[in-house]
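S.K.: Have a look at this one.
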Amino acid sequence: MKKTKHSKGIWERTHRWLSMAITVSLGLSAMVGAASAQDRTQKPPLFGQHWMAVTGKPIAASAGARIFNQGGNAVDAACAMLGAVTTAWTTLSWGGETQALIYNPNTGKVIAINALGVAPTGATPDYFHKLGMRYPPEYGPLAAVTPGTPGGLMTMLAEYGTMSLAQVLAPAIEMADGFPTDESLSGVIEHYKDELKKWPDSRRIMLPHVGEAHEGPLPGEMFHQPDLAATLRKLVDTERQALKAGKNRKEAIYAAYNRFYKGDIAKELVASTRAQGGLFTENDLASWKVKIEEPVHTSYKGIEVYKLQPWVQGPVMLQALNILENFDLKSMGYDSARYIHTLYQTMNLAYADRDFYYGDPAFSPSTPIQGLLSKEYARDRAKLVNADRNDPDVRPGDPYPYENAKNPYLNYLQAWHSKMPSQPPIAMEEFDRTFRLGTTSIQAADDKGWAVSVTPSGGWTPAVIAGKTGIGLSQRMQSFVLDAHDDPYNVLEPGKRPRATLTPSLALKDGKPYLVFSVQGGDTQDQNLLQFFLNVVDFGMTVQEAAEAANITSYQMRDSFSDHQSFPGRLTLNSETPPWVREQLFKMGYHLEFEDRTSGPITAIFVDRAHGTLWGAASNYGQDYGIGW
């Protein structure tokens with residue numbers, strides 16, 4: 001669409017101002033020197049020569065450092081950090097799900113780990129409709145898919161690690177015996193104590209002071225999980241017995257895997273879950289397997305960016321990058337009104353496709369990922385960006401012609417709308433909570449060339465603890481829809497994986513690791529990661545600068561949790577956004593909100609090949625933390 005004379009004048013004046021600002025900024029940077037990068041961030045960048053471990057909690061980063069210091073590789077360290085964050089209830093626990101990207105320097109390839117659980121036997125749309133539910137519930141035993149994290153950890157370790165299960169689980173076992181409760185965990189448990197009281201084992205473990213003013217563990221108090229410690233020791237003992245019987249390292253780890261999913265641990269997990277109203281069967285656990293997959297990827301300015309397949313939202317970032325290649329972002333100026341508008345419109349186009357087409361590719365028909373990631377499809381989608389105003393009704397496209405196929409759901413596509421008008425109103429506070437629903441992130445890299453990005457989640461507080469296993473169950477069932485009109489590729493079926501928001505990221509340059517990055521949060525994840533990546537690649541920021549830099553947030557896509565609502569045109573900006581940018585965006589039809597920190601809790605590693613070093617970054621949110629050597 002052509003710009004009006006008035007809008008063109010605004011852009012030209014803004015561009016001139018930004019050009020002067022950038023020139024002054026670059027001049028000051030040259031005067032101050034390279035060391036000023038640290039002065040421009042609230043947290044200092046991390047540096048290491050041999051290894052880097054970054055995650056959502058200091059205690060877990062320490063677990064990774066411990067394994068690196070014992071001679072483990074980045075996969076070993078990532079597994080130790082995974083065990084630690086799940087034990088620490090860092091918005092997840094052991095019954096949740098794990099998804100990872102691993103660069104293997106021995107093959108020069110990126111591997112995808114799919115350890116997301118599946119809907120259990122009997123979990124059908126009819127089942128939930130008969131309970132009067134429009135979607136599966138947010139909490140409780142009926143919210144749970146089969147546990148994935150234990151299998152994901154053991155598969156990663158067996159296939160790509162070098163150490164024993166006993167070694168990498170040692171920090172988690174020590175923590176399960178007791179670790180100091182941090183203020184965040186204490187507050188979350190106290191907030192959800194009424195939900196936790198509904199389930200006997202959650203009450204027993206999570207609320208040590210029932211009847212007192214503060215019923216959960218206090219900040220600084222030792223938090224004990226004896227049942228979980230016993231379960232983890234069973235896995236280690238099984239590995240030890242297998243090694244004693246002559247099994248090799250990999251076989252011994254898989255013996256522990258089998259005990260969890262087919263042995264006495266599985267029996268207790270199933271019996272206790274069903275006793276509380278859940279649907280798991282022993283066969284559901286025994287037949288579930290971790291998948292080692294080919295990731296999907298795209299190229300942006302010579303950098304190969306890898307994501308998981310569309311059983312998570314990760315490809316949405318690749319679609320956005322493909323669309324943005326058709327614009328000169330750098331000339332727009334960082335966080336100018338034109339840049340923000342282009343970014344917002346692009347994300348809406350990509351997310352509309354996510355909301356309609358993404359789902360478990362193991363079920364037919366599978367997501368048309370070849371068409372969705374086609375550069376030609378992206379060029380045609382880019383033409384839909386309105387240069388002057390926000391489009392509140394961005395719709396999914398039809399990628400099937402771009403892979404020489406016919407769309408099987410044209411009738412649903414034609415009736416689709418970005419905002420579901422049949423939905424009852426939802427309180428904005430509740431929408432924002434589920435839209436940003438937390439997870440954690442794990443990044444690890446070493447001087448041998450291994451690089452790992454993990455975004456585990458599920459089983460967050462308030463979780464149902466499954467009997468004497470100490471395992472907190474997932475709540476991922478809520479990410480399914482029950483009506484094909486909402487997303488025909490993500491309709492609930494037994495044995496199917498729900499479309500999750502979790503999205504680890506790896507970028508390669510010249511075939512070698514360049515960036516390892518992910519972020520906590522729900523539907524905001526790939527919004528934050530897209531902007532982080534552009535900050536580094538297009539605007540030349542260091543990883544720590546990019547991790548703290550101002551982001552925008554769109555709410556025009558459908559929430560992946562709760563009631564799956566959306567709010568077209570709603571836009572969160574950083575509080576320091578200049579008034580002239582605010583004014584332009586308001587005139588373009590945006591409903592503006594402001595926050596002091598908008599980057600999202602990003603963790604990242606930059607592999608500096610020019611100097612043979614590693615740069616670590618953890619945003620200035622919460623407890624994100626890293627250690628390098």
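We name chains A, B, ... following the order of the structure tokens; residues begin at 1 in each chain, and ligands are numbered from 1 as shown.
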Contacts of A:Asn390 at 8 Å or less, counting only C-alpha atoms, minus same-chain residues fewer than 3 places along, as a PDB file with C-alpha atoms, in the first residue's frame?

M.R.:
```
ATOM      1  CA  HIS A 341       4.904  -1.663  13.119  1.00  0.00           C
ATOM      2  CA  GLN A 345       2.508  -7.069  11.446  1.00  0.00           C
ATOM      3  CA  ASN A 386      -0.124  -2.619   5.689  1.00  0.00           C
ATOM      4  CA  GLY A 569      -3.908  -4.217  18.243  1.00  0.00           C
ATOM      5  CA  MET A 588      -1.745   3.525  13.355  1.00  0.00           C
ATOM      6  CA  GLY A 589      -4.434   1.895  15.461  1.00  0.00           C
ATOM      7  CA  TYR A 590      -2.480   0.386  18.358  1.00  0.00           C
TER       8      TYR A 590
END
```

S.K.: Please list as a CSV table (one decimal) with all heavy atoms, in the first residue's frame every residue within 12 Å of A:Asp596, counting only C-alpha atoms and excluding residues in the same chain fewer than 4 positions away.

M.R.:
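Saved as result-v8.csv:
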```csv
chain,number,residue,atom,x,y,z
A,548,GLU,N,18.9,-7.8,27.2
A,548,GLU,CA,18.2,-6.8,28.0
A,548,GLU,C,17.5,-5.7,27.2
A,548,GLU,O,16.7,-4.9,27.8
A,548,GLU,CB,19.3,-6.1,28.9
A,548,GLU,CG,19.9,-7.0,29.9
A,548,GLU,CD,20.8,-6.2,30.9
A,548,GLU,OE1,20.7,-4.9,31.0
A,548,GLU,OE2,21.7,-6.8,31.6
A,549,ALA,N,17.7,-5.7,25.9
A,549,ALA,CA,17.1,-4.6,25.1
A,549,ALA,C,15.6,-4.6,25.1
A,549,ALA,O,15.0,-5.6,25.3
A,549,ALA,CB,17.7,-4.7,23.6
A,550,ALA,N,15.0,-3.4,24.8
A,550,ALA,CA,13.6,-3.3,24.8
A,550,ALA,C,13.0,-4.1,23.7
A,550,ALA,O,13.5,-4.2,22.5
A,550,ALA,CB,13.2,-1.8,24.5
A,551,ASN,N,11.9,-4.9,24.0
A,551,ASN,CA,11.1,-5.7,23.1
A,551,ASN,C,9.7,-5.1,23.0
A,551,ASN,O,9.3,-4.3,23.9
A,551,ASN,CB,11.0,-7.1,23.5
A,551,ASN,CG,12.3,-7.9,23.1
A,551,ASN,OD1,12.2,-9.2,23.3
A,551,ASN,ND2,13.4,-7.3,22.7
A,552,ILE,N,9.0,-5.5,22.0
A,552,ILE,CA,7.6,-5.2,21.9
A,552,ILE,C,6.9,-6.6,22.2
A,552,ILE,O,7.5,-7.6,22.0
A,552,ILE,CB,7.1,-4.6,20.6
A,552,ILE,CG1,7.3,-5.6,19.5
A,552,ILE,CG2,7.9,-3.3,20.3
A,552,ILE,CD1,6.6,-5.2,18.2
A,572,THR,N,2.5,-3.9,23.9
A,572,THR,CA,3.3,-3.5,25.0
A,572,THR,C,4.6,-2.9,24.5
A,572,THR,O,5.3,-3.6,23.7
A,572,THR,CB,3.5,-4.6,26.0
A,572,THR,OG1,2.3,-5.1,26.5
A,572,THR,CG2,4.4,-4.2,27.1
A,573,LEU,N,5.0,-1.7,25.0
A,573,LEU,CA,6.2,-1.1,24.6
A,573,LEU,C,7.0,-0.8,25.9
A,573,LEU,O,6.5,-0.8,27.0
A,573,LEU,CB,6.0,0.3,24.0
A,573,LEU,CG,5.2,0.3,22.6
A,573,LEU,CD1,4.9,1.8,22.3
A,573,LEU,CD2,6.0,-0.4,21.5
A,574,ASN,N,8.3,-0.6,25.7
A,574,ASN,CA,9.2,-0.2,26.8
A,574,ASN,C,8.8,1.2,27.3
A,574,ASN,O,8.5,2.1,26.5
A,574,ASN,CB,10.6,-0.3,26.4
A,574,ASN,CG,11.6,-0.1,27.6
A,574,ASN,OD1,11.9,1.0,28.0
A,574,ASN,ND2,12.0,-1.3,28.2
A,575,SER,N,8.9,1.4,28.6
A,575,SER,CA,8.5,2.8,29.2
A,575,SER,C,9.4,3.9,28.6
A,575,SER,O,8.9,5.1,28.6
A,575,SER,CB,8.7,2.7,30.7
A,575,SER,OG,7.9,1.7,31.3
A,576,GLU,N,10.6,3.6,28.1
A,576,GLU,CA,11.4,4.6,27.6
A,576,GLU,C,11.2,5.0,26.1
A,576,GLU,O,11.9,5.7,25.5
A,576,GLU,CB,12.9,4.2,27.8
A,576,GLU,CG,13.3,4.2,29.2
A,576,GLU,CD,14.8,3.9,29.4
A,576,GLU,OE1,15.5,3.8,28.4
A,576,GLU,OE2,15.2,3.7,30.6
A,577,THR,N,10.1,4.4,25.5
A,577,THR,CA,9.8,4.7,24.1
A,577,THR,C,9.5,6.1,24.0
A,577,THR,O,8.7,6.7,24.7
A,577,THR,CB,8.5,3.8,23.7
A,577,THR,OG1,8.8,2.5,23.9
A,577,THR,CG2,8.2,4.1,22.2
A,600,GLY,N,12.0,-9.8,28.1
A,600,GLY,CA,11.8,-11.2,28.4
A,600,GLY,C,13.0,-11.9,29.0
A,600,GLY,O,14.2,-11.4,28.8
A,620,ASN,N,18.1,-9.3,32.6
A,620,ASN,CA,17.9,-8.7,33.9
A,620,ASN,C,16.6,-9.0,34.5
A,620,ASN,O,16.0,-8.1,35.2
A,620,ASN,CB,18.2,-7.2,33.8
A,620,ASN,CG,17.3,-6.5,32.7
A,620,ASN,OD1,16.7,-7.2,31.9
A,620,ASN,ND2,17.2,-5.2,32.7
A,621,TYR,N,16.0,-10.1,34.2
A,621,TYR,CA,14.8,-10.6,34.8
A,621,TYR,C,15.2,-11.6,35.9
A,621,TYR,O,16.1,-12.4,35.7
A,621,TYR,CB,13.9,-11.3,33.8
A,621,TYR,CG,13.0,-10.4,33.0
A,621,TYR,CD1,13.4,-9.6,32.0
A,621,TYR,CD2,11.6,-10.5,33.2
A,621,TYR,CE1,12.6,-8.8,31.2
A,621,TYR,CE2,10.7,-9.7,32.5
A,621,TYR,CZ,11.2,-8.9,31.5
A,621,TYR,OH,10.4,-8.1,30.8
```

S.K.: Just want the 7 Å neighbourhood of A:Tyr257, counted on only C-alpha atoms, with same-chain residues fewer than 3 positions away dropped. Output as a ChimeraX atom specification.

M.R.: /A:151,154,253-254,260-261

S.K.: Take the selection from the previous step and output its residues with C-alpha atoms, as a JSON list (two decimals), in the first residue's frame.

M.R.:
```
[["chain", "number", "residue", "atom", "x", "y", "z"],
["A", 151, "GLY", "CA", 12.95, -39.86, 29.25],
["A", 154, "MET", "CA", 18.13, -40.02, 29.84],
["A", 253, "ILE", "CA", 21.07, -45.57, 31.18],
["A", 254, "TYR", "CA", 18.29, -47.10, 29.07],
["A", 260, "PHE", "CA", 10.72, -45.34, 34.93],
["A", 261, "TYR", "CA", 8.33, -46.02, 32.05]]
```

S.K.: Which polymer residues have any atom within 12 Å of an atom of A:Asp177, counting only C-alpha atoms, with same-chain residues fewer than 5 positions away left out, as number ranges by chain?

M.R.: A: 87-88, 170-172, 222-233, 470

S.K.: So that I can check the secondary structure, give me every residue of stretch 250-451 of chain A assigned alpha helix (DSSP H) by backbone DSSP, as a PyMOL selection string.

M.R.: chain A and resi 250-262+264-275+282-287+315-324+329-332+337-357+369-372+375-382+410-415+428-435

S.K.: So which one's closest to A:Phe68, A:Arg274, A:Leu157, A:Gly628, A:Leu324? Using only C-alpha atoms, please.

M.R.: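 Looking only at the distances to A:Phe68, the closest residue turns out to be A:Gly628.
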
S.K.: Could you tell me how far atom CA of A:Ser474 sits from atom CA of A:Ser93, in Å to one decimal place?

M.R.: 8.0 Å

S.K.: Which residues of stretch 522-568 of chain A come within 9 Å of stretch 351-362 of chain A, and for each one, what is the closest pair of atoms and their distance in Å to one decimal, counting only C-alpha atoms, sorted by chain and residue number, as CSV?

M.R.:
```
residue,atom,partner,partner_atom,distance
A:Gln556,CA,A:Tyr351,CA,8.5
A:Met557,CA,A:Tyr351,CA,5.8
A:Arg558,CA,A:Asp355,CA,6.6
A:Ser560,CA,A:Asp355,CA,8.5
```

S.K.: Do you know which residues are at most 9 Å from A:Leu506 counting only C-alpha atoms, after dropping those on the same chain fewer than 4 positions away, and could you put them as an NGL selection string?

M.R.: :A and (101-103 or 110 or 304-307 or 451-453 or 513-518)

S.K.: If you run DSSP on this backbone, which residues of stretch 148-272 of chain A come out as strand (DSSP E or B), and could you give them as number ranges by chain?

M.R.: A: 179-180, 222-223

S.K.: Go through A:Thr503, A:Leu530, A:Arg609, A:Val543 one by one, measure the shortest atom-to-atom distance of each to A:Leu46 using only C-alpha atoms, and give the residue with the smallest value.

M.R.: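 Going through A:Thr503, A:Leu530, A:Arg609, A:Val543 one by one, the smallest distance to A:Leu46 is for A:Val543.
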
S.K.: Quick one: residues within 10 Å of A:Leu614, only C-alpha atoms, excluding same-chain residues fewer than 2 positions away - as a list in words?

M.R.: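 Contacts, in chain order: Leu46, Phe47, Gly48, Gln49, His50, Trp51, Met52, Ala445, Asp446, Asp447, Tyr514, Leu515, Ile605, Phe606, Val607, Asp608, Arg609, His611, Gly612, Gly616, Gly628 and Trp629 of chain A.
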
S.K.: Could you name the residues that touch A:Val210 at 12 Å or less, counting only C-alpha atoms, but leaving out those on the same chain fewer than 4 positions away, as a PyMOL selection string?

M.R.: chain A and resi 190+193-194+196-197+202-206+214-217

S.K.: Just to be explicit: take each residue in the selection above, keep N, CA, C and O atoms, and write the result as a PDB file, in the first residue's frame.

M.R.:
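selection.pdb, freshly written:
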```
ATOM      1  N   GLU A 190       2.887 -20.485  48.147  1.00  0.00           N
ATOM      2  CA  GLU A 190       1.909 -19.853  49.031  1.00  0.00           C
ATOM      3  C   GLU A 190       0.705 -19.335  48.249  1.00  0.00           C
ATOM      4  O   GLU A 190      -0.443 -19.458  48.686  1.00  0.00           O
ATOM      5  N   LYS A 193      -1.608 -22.343  47.319  1.00  0.00           N
ATOM      6  CA  LYS A 193      -1.764 -23.373  48.354  1.00  0.00           C
ATOM      7  C   LYS A 193      -3.163 -23.979  48.379  1.00  0.00           C
ATOM      8  O   LYS A 193      -3.320 -25.170  48.688  1.00  0.00           O
ATOM      9  N   ASP A 194      -4.190 -23.214  48.023  1.00  0.00           N
ATOM     10  CA  ASP A 194      -5.541 -23.780  48.021  1.00  0.00           C
ATOM     11  C   ASP A 194      -5.696 -24.845  46.940  1.00  0.00           C
ATOM     12  O   ASP A 194      -6.394 -25.841  47.145  1.00  0.00           O
ATOM     13  N   LEU A 196      -3.121 -26.676  45.794  1.00  0.00           N
ATOM     14  CA  LEU A 196      -2.262 -27.781  46.227  1.00  0.00           C
ATOM     15  C   LEU A 196      -2.944 -28.656  47.278  1.00  0.00           C
ATOM     16  O   LEU A 196      -2.709 -29.875  47.331  1.00  0.00           O
ATOM     17  N   LYS A 197      -3.801 -28.070  48.075  1.00  0.00           N
ATOM     18  CA  LYS A 197      -4.492 -28.835  49.118  1.00  0.00           C
ATOM     19  C   LYS A 197      -5.488 -29.835  48.546  1.00  0.00           C
ATOM     20  O   LYS A 197      -5.933 -30.744  49.249  1.00  0.00           O
ATOM     21  N   SER A 202       0.597 -33.582  46.959  1.00  0.00           N
ATOM     22  CA  SER A 202       1.052 -32.199  46.763  1.00  0.00           C
ATOM     23  C   SER A 202       0.988 -31.453  48.091  1.00  0.00           C
ATOM     24  O   SER A 202       1.918 -30.713  48.454  1.00  0.00           O
ATOM     25  N   ARG A 203      -0.096 -31.652  48.806  1.00  0.00           N
ATOM     26  CA  ARG A 203      -0.250 -31.022  50.124  1.00  0.00           C
ATOM     27  C   ARG A 203       0.856 -31.481  51.072  1.00  0.00           C
ATOM     28  O   ARG A 203       1.481 -30.671  51.770  1.00  0.00           O
ATOM     29  N   ARG A 204       1.112 -32.793  51.076  1.00  0.00           N
ATOM     30  CA  ARG A 204       2.096 -33.359  52.006  1.00  0.00           C
ATOM     31  C   ARG A 204       3.505 -32.832  51.741  1.00  0.00           C
ATOM     32  O   ARG A 204       4.250 -32.514  52.678  1.00  0.00           O
ATOM     33  N   ILE A 205       3.887 -32.707  50.479  1.00  0.00           N
ATOM     34  CA  ILE A 205       5.258 -32.309  50.123  1.00  0.00           C
ATOM     35  C   ILE A 205       5.422 -30.789  50.091  1.00  0.00           C
ATOM     36  O   ILE A 205       6.418 -30.245  50.583  1.00  0.00           O
ATOM     37  N   MET A 206       4.441 -30.106  49.529  1.00  0.00           N
ATOM     38  CA  MET A 206       4.607 -28.678  49.237  1.00  0.00           C
ATOM     39  C   MET A 206       4.203 -27.759  50.391  1.00  0.00           C
ATOM     40  O   MET A 206       4.586 -26.585  50.405  1.00  0.00           O
ATOM     41  N   HIS A 214       1.700 -18.885  57.054  1.00  0.00           N
ATOM     42  CA  HIS A 214       2.408 -19.185  55.811  1.00  0.00           C
ATOM     43  C   HIS A 214       2.580 -20.705  55.764  1.00  0.00           C
ATOM     44  O   HIS A 214       3.344 -21.266  56.531  1.00  0.00           O
ATOM     45  N   GLU A 215       1.855 -21.355  54.863  1.00  0.00           N
ATOM     46  CA  GLU A 215       1.778 -22.819  54.899  1.00  0.00           C
ATOM     47  C   GLU A 215       2.848 -23.514  54.060  1.00  0.00           C
ATOM     48  O   GLU A 215       3.147 -24.688  54.280  1.00  0.00           O
ATOM     49  N   GLY A 216       3.396 -22.803  53.089  1.00  0.00           N
ATOM     50  CA  GLY A 216       4.470 -23.376  52.286  1.00  0.00           C
ATOM     51  C   GLY A 216       5.814 -23.166  52.950  1.00  0.00           C
ATOM     52  O   GLY A 216       5.921 -22.557  54.018  1.00  0.00           O
ATOM     53  N   PRO A 217       6.898 -23.664  52.325  1.00  0.00           N
ATOM     54  CA  PRO A 217       8.236 -23.426  52.885  1.00  0.00           C
ATOM     55  C   PRO A 217       8.583 -21.944  52.850  1.00  0.00           C
ATOM     56  O   PRO A 217       8.246 -21.236  51.897  1.00  0.00           O
TER      57      PRO A 217
END
```

S.K.: Mind giving me the straight-line distance from atom CA of A:Arg249 to atom CA of A:Ser457 in Å, one decimal?

M.R.: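 For atom CA of A:Arg249 relative to atom CA of A:Ser457, the distance reads 27.3 Å.
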
S.K.: So which one's closest to A:Thr542, A:Arg40, A:Arg499, A:Lys109, A:Lys448? Using only C-alpha atoms, please.

M.R.: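 So, comparing all the options, the nearest one is A:Arg40.
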